[in-house]
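Worksheet: one structure, shown below.
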Amino acid sequence: MIINHKSPSAPARINEERDAEIKAGMQWPAGSGIVYQTDPVSISLVTGRVGKILAYQARGETHPDFLWRAMDDTDHLFTPNDFLSFAIALDDFVEIKYIESWQKKAAL
Amino acid sequence: MGIDTTNQSGAQTGIDMTDQLLKKYEPFDISGLGKNIAIWAPRDAASVLAQRIAAFIKSISPGAVITSVDRLLPGTGMDYIEGGFNLFWVSPEDDQWFTETAYPYECIIYLDGLPLPGPGSLPDGCSFKSVSPQEVEKHTRSQEALSRTDWYVIRELERMFLSGSEASVERDALRHSASDELAPKYYLGPSGVEIRKDYELEELPLPCTLTIEGIEYECTEQPVLEFNYPGTYEIHVNAGAQYLEKTFTYDYQP
């Protein structure tokens with residue numbers, strides 16, 4: 001006989017996996033081997049820095065280049081434009097993880 | 001001479017009661033006990049009493065080999081003590097054991113104050129020796145009742161003042177482990193106390209009930225397990241009294 005268990009915890013398991021994948025960090029630029037933290041606090045810090053860069057631009061000024069720390073505690077130099085590209089990639093990265101989790105739940 | 005430990009209770013502060021009890025036995029003529037000795041007592045008290053009688057017999061007969069005095073151990077029901085003694089115990093809940101004729105009791109040792117079964121169920125010519133509960137259990141009934149509530153008081157205090165703390169979480173985990181460790185390994189079968197059989201998930205005893213995440217599945221044949229999502233699942237198995245209740249950890253990675 002076949003027991004086909006419909007796990008009531010499957011959605012929670014999918015959420016846990018998604019959160020773990022997001023927390024594992026994002027490599028940027030792709031293939032560089034440099035991994036940046038993408039946990040909620042780190043995302044909040046990136047969002048804040050993006051706002052600061054845009055605020056500079058709104059005032060007709062340019063944010064100076066700055067160092068941003070990777071997961072391995074090494075610092076990397078970013079121009080404002082580089083950082084905006086990084087922020088866009090980060091948002092895509094998180095969004096893809098969410099979309100994948102939704103697809104897994106739909107397939108249950 | 002015979003065993004007579006009646007009314008040996010009283011103030012015993014500071015005295016090792018085990019030694020005290022053995023001293024009371026010292027004058028006894030073992031041959032007067034007969035070959036078959038029955039102990040009439042609640043099971044927990046009888047266990048202690050049986051161990052002490054066995055210890056006494058060993059003390060006067062160094063060559064005696066006592067493999068067990070635990071009724072609940074496999075293969076027992078009566079325990080042979082080298083030198084010609086059979087040590088039984090009988091609890092009030094199991095008075096049918098008194099009717100066993102293969103080993104007629106020649107002496108019954110009973111806890112003082114415990115009513116004996118009716119005369120019709122006792123073997124003829126049997127002698128009786130009583131022992132005070134205090135001597136067997138080393139404390140009074142009230143002390144025993146008091147100590148039995150200790151766990152409840154501790155649990156309530158823990159719940160009131162330590163709920164959610166690291167210590168409380170750790171103790172909950174230990175309680176869980178203890179519960180597993182104390183899971184019954186024996187059952188009362190048609191021929192007496194028997195060991196519950198072990199098995200593996202790949203060869204389940206049938207019929208059985210599997211419980212996965214609170215959902216029960218009745219199995220009448222070996223099941224093939226499938227899950228709608230990969231992961232590690234706990235599978236609890238209940239296959240009736242003859243088999244251990246077990247929980248397996250199953251890693252499903254299709």
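To be explicit about the labels: the chains of the structure tokens are called A, B, and onward in the order shown, and within each one the residues are counted from 1, while ligands get numbers from 1 in the order they are shown.
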For region 3-5 of chain A, please output as a list in words all residues within 8 Å (counting only C-alpha atoms; exclusion window: fewer than 4 positions along the same chain). Ile212, Tyr217, Pro223, Val224, Leu225, Glu226, Phe227 and Asn228 of chain B
Could you save those same residues with N, CA and C atoms as a short mmCIF file (atom, residue, chain, number, x, y, z; two decimals), in the first residue's frame?
data_model
loop_
_atom_site.label_atom_id
_atom_site.label_comp_id
_atom_site.auth_asym_id
_atom_site.auth_seq_id
_atom_site.Cartn_x
_atom_site.Cartn_y
_atom_site.Cartn_z
N ILE B 212 1.90 10.38 11.38
CA ILE B 212 2.86 11.35 10.82
C ILE B 212 2.23 12.73 10.94
N TYR B 217 -2.45 6.63 9.90
CA TYR B 217 -2.62 5.75 8.74
C TYR B 217 -2.66 4.30 9.22
N PRO B 223 3.91 -0.51 4.04
CA PRO B 223 3.60 0.69 3.26
C PRO B 223 4.80 1.22 2.49
N VAL B 224 4.49 1.87 1.37
CA VAL B 224 5.47 2.68 0.66
C VAL B 224 5.14 4.12 1.02
N LEU B 225 6.13 4.83 1.55
CA LEU B 225 5.88 6.18 2.06
C LEU B 225 6.20 7.23 1.00
N GLU B 226 5.22 8.08 0.78
CA GLU B 226 5.44 9.20 -0.12
C GLU B 226 4.95 10.47 0.56
N PHE B 227 5.64 11.55 0.28
CA PHE B 227 5.30 12.83 0.90
C PHE B 227 5.15 13.88 -0.18
N ASN B 228 4.33 14.88 0.09
CA ASN B 228 4.14 15.92 -0.93
C ASN B 228 5.24 16.97 -0.90
#
Compute the set of chain B residues within 12 Å of chain A, using only C-alpha atoms, and express it as JSON, numbers by chain. {"B": [209, 210, 211, 212, 213, 214, 215, 216, 217, 218, 219, 220, 221, 222, 223, 224, 225, 226, 227, 228, 229, 230, 231, 232, 233, 234, 235, 252]}
Tell me which protein, DNA and RNA residues are within 8 Å of region 29-37 of chain A, counting only C-alpha atoms, leaving out same-chain ones fewer than 6 positions away, and put them as a PDB file with all heavy atoms, in the first residue's frame.
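The resulting file, out-v7.pdb, is reproduced below:
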ATOM      1  N   LYS A  23      18.968  34.226   3.654  1.00  0.00           N
ATOM      2  CA  LYS A  23      19.942  34.551   4.700  1.00  0.00           C
ATOM      3  C   LYS A  23      21.358  34.117   4.315  1.00  0.00           C
ATOM      4  O   LYS A  23      22.347  34.631   4.845  1.00  0.00           O
ATOM      5  CB  LYS A  23      19.527  33.858   6.006  1.00  0.00           C
ATOM      6  CG  LYS A  23      20.170  34.445   7.237  1.00  0.00           C
ATOM      7  CD  LYS A  23      19.655  33.764   8.479  1.00  0.00           C
ATOM      8  CE  LYS A  23      20.390  34.297   9.706  1.00  0.00           C
ATOM      9  NZ  LYS A  23      19.989  33.581  10.924  1.00  0.00           N
ATOM     10  N   ILE A  43      19.448  44.006   4.405  1.00  0.00           N
ATOM     11  CA  ILE A  43      18.613  44.598   3.341  1.00  0.00           C
ATOM     12  C   ILE A  43      18.173  46.002   3.752  1.00  0.00           C
ATOM     13  O   ILE A  43      18.164  46.937   2.944  1.00  0.00           O
ATOM     14  CB  ILE A  43      17.391  43.683   3.073  1.00  0.00           C
ATOM     15  CG1 ILE A  43      17.850  42.396   2.408  1.00  0.00           C
ATOM     16  CG2 ILE A  43      16.368  44.404   2.209  1.00  0.00           C
ATOM     17  CD1 ILE A  43      16.754  41.363   2.246  1.00  0.00           C
ATOM     18  N   ARG A  69      30.789  46.344   3.406  1.00  0.00           N
ATOM     19  CA  ARG A  69      31.403  45.121   3.928  1.00  0.00           C
ATOM     20  C   ARG A  69      30.686  43.862   3.421  1.00  0.00           C
ATOM     21  O   ARG A  69      29.458  43.783   3.429  1.00  0.00           O
ATOM     22  CB  ARG A  69      31.375  45.138   5.462  1.00  0.00           C
ATOM     23  CG  ARG A  69      31.991  43.918   6.115  1.00  0.00           C
ATOM     24  CD  ARG A  69      32.466  44.209   7.508  1.00  0.00           C
ATOM     25  NE  ARG A  69      33.710  44.991   7.483  1.00  0.00           N
ATOM     26  CZ  ARG A  69      34.635  44.955   8.439  1.00  0.00           C
ATOM     27  NH1 ARG A  69      34.472  44.179   9.489  1.00  0.00           N
ATOM     28  NH2 ARG A  69      35.716  45.689   8.357  1.00  0.00           N
ATOM     29  N   ALA A  70      31.478  42.901   2.981  1.00  0.00           N
ATOM     30  CA  ALA A  70      30.923  41.621   2.513  1.00  0.00           C
ATOM     31  C   ALA A  70      30.799  40.645   3.689  1.00  0.00           C
ATOM     32  O   ALA A  70      31.202  40.949   4.818  1.00  0.00           O
ATOM     33  CB  ALA A  70      31.817  41.020   1.428  1.00  0.00           C
ATOM     34  N   MET A  71      30.231  39.477   3.391  1.00  0.00           N
ATOM     35  CA  MET A  71      29.958  38.496   4.452  1.00  0.00           C
ATOM     36  C   MET A  71      31.243  38.022   5.128  1.00  0.00           C
ATOM     37  O   MET A  71      31.240  37.692   6.310  1.00  0.00           O
ATOM     38  CB  MET A  71      29.197  37.301   3.863  1.00  0.00           C
ATOM     39  CG  MET A  71      28.662  36.329   4.900  1.00  0.00           C
ATOM     40  SD  MET A  71      27.645  35.050   4.135  1.00  0.00           S
ATOM     41  CE  MET A  71      26.038  35.817   4.209  1.00  0.00           C
ATOM     42  N   ASP A  72      32.343  37.983   4.366  1.00  0.00           N
ATOM     43  CA  ASP A  72      33.605  37.513   4.946  1.00  0.00           C
ATOM     44  C   ASP A  72      34.393  38.630   5.631  1.00  0.00           C
ATOM     45  O   ASP A  72      35.588  38.498   5.889  1.00  0.00           O
ATOM     46  CB  ASP A  72      34.461  36.827   3.871  1.00  0.00           C
ATOM     47  CG  ASP A  72      34.859  37.813   2.778  1.00  0.00           C
ATOM     48  OD1 ASP A  72      34.413  38.988   2.823  1.00  0.00           O
ATOM     49  OD2 ASP A  72      35.612  37.417   1.870  1.00  0.00           O
ATOM     50  N   PHE A  86      23.914  47.202  -7.387  1.00  0.00           N
ATOM     51  CA  PHE A  86      23.932  46.148  -6.364  1.00  0.00           C
ATOM     52  C   PHE A  86      22.558  46.041  -5.673  1.00  0.00           C
ATOM     53  O   PHE A  86      22.035  44.936  -5.470  1.00  0.00           O
ATOM     54  CB  PHE A  86      25.027  46.482  -5.335  1.00  0.00           C
ATOM     55  CG  PHE A  86      24.969  45.670  -4.079  1.00  0.00           C
ATOM     56  CD1 PHE A  86      25.241  44.309  -4.080  1.00  0.00           C
ATOM     57  CD2 PHE A  86      24.639  46.271  -2.868  1.00  0.00           C
ATOM     58  CE1 PHE A  86      25.184  43.567  -2.902  1.00  0.00           C
ATOM     59  CE2 PHE A  86      24.577  45.545  -1.694  1.00  0.00           C
ATOM     60  CZ  PHE A  86      24.849  44.188  -1.716  1.00  0.00           C
TER      61      PHE A  86
END
6 Å contact set for region 239-246 of chain B, only C-alpha atoms, chain neighbours under 6 positions out, as a VMD selection string: chain B and resid 196 to 198 208
Just to confirm, what's the straight-line distance from CA of Asp172 (chain B) to CA of Arg159 (chain B) in Å (one decimal)? 10.8 Å
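Shortest atom-to-atom contact with Glu61 (chain A) among A:Arg49, A:Ile88, A:Glu21, A:Pro80: A:Pro80, counting only C-alpha atoms.
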Shortest contact to Phe78 (chain A), candidates A:Ile53, A:Ile22, A:Ala106, A:Ala12, atoms counted only C-alpha atoms, goes to A:Ile53
Record the distance separating CA of Val169 (chain B) and CA of Arg155 (chain B), expressed in Å with one decimal. 12.5 Å
Picked from chain A by DSSP as helix (DSSP H, G or I), as JSON, numbers by chain: {"A": [10, 11, 12, 13, 14, 15, 16, 17, 18, 19, 20, 21, 22, 23, 40, 41, 42, 43, 44, 45, 46, 47, 48, 49, 50, 51, 52, 53, 54, 55, 56, 57, 58, 80, 81, 82, 83, 84, 85, 86, 87, 88, 89, 90, 91, 92, 93, 94, 95, 96, 97, 98, 99, 100, 101, 102, 103, 104, 105, 106]}
So how far away is CA of Ala58 (chain A) from CA of Thr38 (chain A), in Å?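 Pair CA of Thr38 (chain A) / CA of Ala58 (chain A) returns 26.9 Å.
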